[in-house]
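As structure tokens, the structure follows; a few thoughts come after it.
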Amino acid sequence: MLFSLFVLVLILVGLSAVLSVRQQTARQAYLRGLAEDIVSSMDLNVDPCADFYNYSCGNWIRNNPLPADKAAFFKAITSIEDHNLNTLKAIVEDPSTGKVNTVYQACMNTEITNQLNWQPIKPYLDIVAQVTDFTTFFSMAGALQSYGFSLIFSFGVDLDAKNPSINIAQFGQGAFALPSRDLYLDNSTETQKQRQLYLDHIAVMFQFVGLPKDQAIADANHVLEFETLLAQAGLPDDQLIDPFKTYNKLDITGLQTISPNLPWDSYLEGLGFPDLQQVNVISPAFFQNLSTLVANTELPSEQLRAYLAWSVIHQSANLLSDEFVNATFAFFGVILEGQAEMSPRWETCISAVDSTVGEMLGALYAKVSFSGSSLADAKTMLDSIEGAMQRDIQELNWMDPTTRARALTKLSEVTNQVGYPQNPSNYTHLPLSTTTYAENTFNAQSYQFISQVKSIGQPANKQKWGMTADTVNAYYDPTRNQMVFPAGILQNPYFNASHPAALNYGGAGVIMGHELTHGFDNQGRDYNGKGVLENWWEPATNKQFNDKAQCIIDQYSKFEVLPGLYLNGKLTQGENIADCGGVKNSYNAFLKNVGPASNDTSVVPFLTNSQLFFVGYAQGWCAVASPAYLRVQVATDPHSTARYRVLGPLINLEQFAEQFKCPVGSFMNPKVRCPVW
């Protein structure tokens with residue numbers, strides 16, 4: 001008996017050894033494949049000290065022409081999105097997922113959508129028809145906003161920045177269909193051509209809802225004239241980035257005082273919330289300017305109706321029959337973004353599910369794609385990056401002791417949400433149709449509006465997520481002093497338990513460091529650890545920060561995206577500061593994590609582990625994009641373009657130049673850097 005047990009132990013030990021060898025062999029094969037993918041994307045003919053982006057991404061860019069159904073294509077982000085979409089497709093197609101499947105199937109039912117044509121928006125166009133003057137226009141705009149339409153100005157609910165324990169209504173500046181106010185105000189030949197094509201598009205869409213051609217053309221001109229007035233009344237985006245200037249808490253009397261020609265009582269009645277007491281006005285100048293325009297400009301009722309009708313049609317177009325969808329894509333997809341083909345319908349319908357019952361969908365996604373040790377591993381990495389930033393703040397030579405102590409206190413009070421919400425909504429009171437896509441969307445918009453307005457003046461829910469768990473993104477919320485990292489972005493190649501630490505820190509780690517740095521960028525730094533908007537900086541250190549931020553603004557403003565088109569350094573400064581801090585703090589966390597092994601040879605034989613960190617980071621931003629997409633991005637996006645999200649942070653990090661032995665004065669090792677954090 002004893003002999004038999006001994007033999008059994010030997011057999012088990014042997015099997016364990018065999019399994020261990022097989023696992024090691026499989027891992028080695030995986031790492032070889034990973035290394036081959038990294039090297040195949042690089043252009044080793046490029047000097048890394050002259051252009052690290054093309055050194056890291058040159059062959060990938062050369063071998064990956066822009067897909068016909070995309071305006072921009074990213075090596076990492078798009079691969080995650082595509083993988084996630086396939087995962088989500090299996091979920092939404094499963095009848096056992098209940099409401100998730102119901103919304104998806106209704107969206108996929110294009111036969112009924114085409115039969116209904118534009119009838120789903122008829123009730124909202126009937127509301128528009130009630131406009132007879134500017135007072136009824138404001139009232140009907142409020143009514144339409146309660147159904148989820150964005151009109152004249154934005155309405156939302158968020159935490160009160162001076163009292164973040166309470167929710168407050170927020171009014172922002174004008175809403176118009178074109179993606180940039182410059183497209184209304186710029187008079188270059190190219191922009192004028194786009195405006196004419198926009199007019200033609202509006203006229204076609206009006207004819208789809210039954211207007212005669214002559215009236216459709218006249219109404220299209222009315223729309224462009226009114227949207228141009230809204231653009232003129234507003235401020236450029238780069239003038240709306242100072243939190244102190246965008247916090248203007250007013251009661252309704254105060255709102256009426258700054259904009260006396262706007263009928264606020266009628267608007268609030270239409271909105272269904274006549275007892276609103278206080279609101280934060282993000283851009284008082286917009287409402288002042290709009291009030292003046294109303295007093296000095298003839299606004300015939302047919303123009304006001306045309307603007308509201310167009311807003312309803314445009315914002316609903318993708319819920320309607322094929323002719324609406326195709327015409328919208330032909331202008332906004334092809335002309336404005338350079339996209340050649342539409343995405344397949346099933347992708348559209350996954351987005352519909354995400355915007356309708358997204359918390360349910362995200363919870364199902366997380367079970368499939370963020371299981372095992374993923375949550376614990378992500379939190380461990382995040383802790384290490386917070387530790388790196390703590391050390392960084394302690395060592396900065398430009399902070400006085402008082403400000404430093406406050407910064408460390410704020411850092412210690414940052415809270416994190418990782419993976420998925422703990423208590424996702426089950427949408428108990430949301431009515432859903434099994435057949436009608438538009439009906440579900442409008443029901444969801446009303447459901448969300450009611451939920452928002454009920455929360456005004458109520459205690460804030462600081463655990464509420466602003467993204468679904470399947471979203472390929474992350475964010476920092478200054479009024480909550482909180483970071484959120486959905487499971488959707490914590491995926492390969494940004495995050496994978498099988499990857500070397502250099503790649504995980506160069507991917508997900510930089511994203512974590514980026515969001516953490518947002519708490520101390522040109523906007524986040526104006527909130528304390530409790531999320532209260534206040535100036536907690538001593539004057540001398542405050543000046544030091546502003547000087548450093550100006551250096552970043554000036555530096556990035558010299559980056560040329562297309563011939564003659566440069567980044568807006570002022571608009572992008574917050575994201576650029578976060579990019580620079582994210583790379584620095586993730587790299588320092590990586591060094592502490594791996595120790596001397598950072599200088600060992602990596603899975604790529606000609607790169608050390610430290611060098612692999614930087615190549616992995618750069619390859620996270622390998623991208624191709626249409627010129628039209630880039631022009632819109634530069635005009636509207638606070639993020640820099642992909643190329644400069646790599647080059648900007650790395651030229652500002654001395655450790656990068658050390659690792660690649662870049663001579664002083666080379667592009668990647670400039671004599672003047674602009675480090676902030």
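Residues are referred to by chain and number: the chain letter is A, B, ... according to the order shown in the structure tokens, the number counts from 1 in that chain, and ligands are numbered separately from 1 in the order shown.
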
Find the residues around Ala589 in chain A up to 6 Å (only C-alpha atoms counted), leave out those fewer than 2 positions away in its own chain, and share them as a count of residues only. 7

What parts of range 587-655 of chain A does DSSP call strand (DSSP E or B)? I'd like the answer as a ChimeraX atom specification. /A:601,608,623-625

Go ahead and write the selection's residues with N, CA and C atoms as an mmCIF file, in the first residue's frame.
```cif
data_model
loop_
_atom_site.group_PDB
_atom_site.id
_atom_site.type_symbol
_atom_site.label_atom_id
_atom_site.label_comp_id
_atom_site.auth_asym_id
_atom_site.auth_seq_id
_atom_site.Cartn_x
_atom_site.Cartn_y
_atom_site.Cartn_z
ATOM 1 N N THR A 601 17.651 43.000 -20.837
ATOM 2 C CA THR A 601 17.079 42.832 -22.176
ATOM 3 C C THR A 601 15.625 42.397 -22.058
ATOM 4 N N THR A 608 15.961 47.297 -24.040
ATOM 5 C CA THR A 608 15.898 46.999 -22.608
ATOM 6 C C THR A 608 14.442 47.091 -22.158
ATOM 7 N N ALA A 623 -1.450 55.478 -35.193
ATOM 8 C CA ALA A 623 -2.761 55.833 -35.736
ATOM 9 C C ALA A 623 -2.638 56.310 -37.176
ATOM 10 N N VAL A 624 -3.725 56.119 -37.913
ATOM 11 C CA VAL A 624 -3.918 56.762 -39.214
ATOM 12 C C VAL A 624 -5.271 57.459 -39.157
ATOM 13 N N ALA A 625 -5.380 58.601 -39.820
ATOM 14 C CA ALA A 625 -6.626 59.370 -39.780
ATOM 15 C C ALA A 625 -6.754 60.194 -41.043
#
```

Spatial neighbours of Val418 in chain A, 9 Å, only C-alpha atoms, chain gap at least 4 places, as number ranges by chain: A: 375, 378-379, 469, 483-487

Could those selected residues go to a file with N, CA and C atoms, as a compact mmCIF listing (two decimals), in the first residue's frame?
```
# COMPACT_ATOMS: atom_id res chain seq x y z
N LEU A 375 -9.20 42.74 -11.53
CA LEU A 375 -9.51 43.87 -10.66
C LEU A 375 -8.38 44.12 -9.66
N ALA A 378 -5.22 45.46 -11.42
CA ALA A 378 -5.36 46.85 -11.83
C ALA A 378 -5.22 47.78 -10.64
N LYS A 379 -5.83 47.41 -9.52
CA LYS A 379 -5.74 48.26 -8.32
C LYS A 379 -4.31 48.32 -7.78
N ALA A 469 -19.34 50.34 -18.13
CA ALA A 469 -18.16 49.52 -17.84
C ALA A 469 -17.48 49.00 -19.10
N MET A 483 -11.17 58.99 -9.76
CA MET A 483 -10.81 58.44 -11.07
C MET A 483 -11.69 57.22 -11.35
N VAL A 484 -12.03 57.05 -12.63
CA VAL A 484 -12.85 55.91 -13.05
C VAL A 484 -12.15 55.23 -14.22
N PHE A 485 -11.92 53.94 -14.08
CA PHE A 485 -11.27 53.14 -15.12
C PHE A 485 -12.18 51.96 -15.48
N PRO A 486 -12.99 52.10 -16.52
CA PRO A 486 -13.88 51.00 -16.91
C PRO A 486 -13.11 49.76 -17.36
N ALA A 487 -13.75 48.62 -17.20
CA ALA A 487 -13.15 47.36 -17.66
C ALA A 487 -12.86 47.42 -19.15
```

To test your reading of the structure, identify every residue in range 127-371 of chain A that backbone DSSP assigns to helix (DSSP H, G or I), and report it as a ChimeraX atom specification. /A:127-128,134-145,182-185,189-208,213-233,237-239,252-258,264-271,284-296,301-319,322-337,345-369

Please indicate the distance in Å from CA of Ser96 in chain A to CA of Ala444 in chain A, rounded to one decimal place. 21.0 Å

All residues 9 Å or closer to range 24-32 of chain A, only C-alpha atoms, same chain fewer than 5 positions away omitted, as a list of chain:residue names: A:Leu19, A:Asp37, A:Ser498, A:His499, A:Pro500, A:Val603, A:Val604

Please dump the current selection as a short mmCIF file (atom, residue, chain, number, x, y, z; two decimals), in the first residue's frame; keep C-alpha atoms.
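Generated output (out_28.cif):
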```
data_model
loop_
_atom_site.label_atom_id
_atom_site.label_comp_id
_atom_site.auth_asym_id
_atom_site.auth_seq_id
_atom_site.Cartn_x
_atom_site.Cartn_y
_atom_site.Cartn_z
CA LEU A 19 2.26 20.70 -17.23
CA ASP A 37 4.11 42.19 -33.31
CA SER A 498 0.61 37.78 -19.45
CA HIS A 499 2.47 40.94 -20.54
CA PRO A 500 5.83 42.09 -19.24
CA VAL A 603 11.26 40.32 -24.91
CA VAL A 604 12.47 42.43 -27.85
#
```

I'd like the interatomic distance between CA of Glu81 in chain A and CA of Ala327 in chain A, to a tenth of an Å. 25.9 Å

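Of the residues listed (A:Asn492, A:Thr468, A:Thr517, A:Gln232), A:Thr468 shows the shortest atom-to-atom separation from Ala366 in chain A; distances use only C-alpha atoms.
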
Pick out the residues sitting within 10 Å of Ala497 in chain A, and hand them over as a VMD selection string; count only C-alpha atoms, and ignore anything fewer than 6 positions along from it in its own chain. chain A and resid 373 to 374 377 to 378 491 504
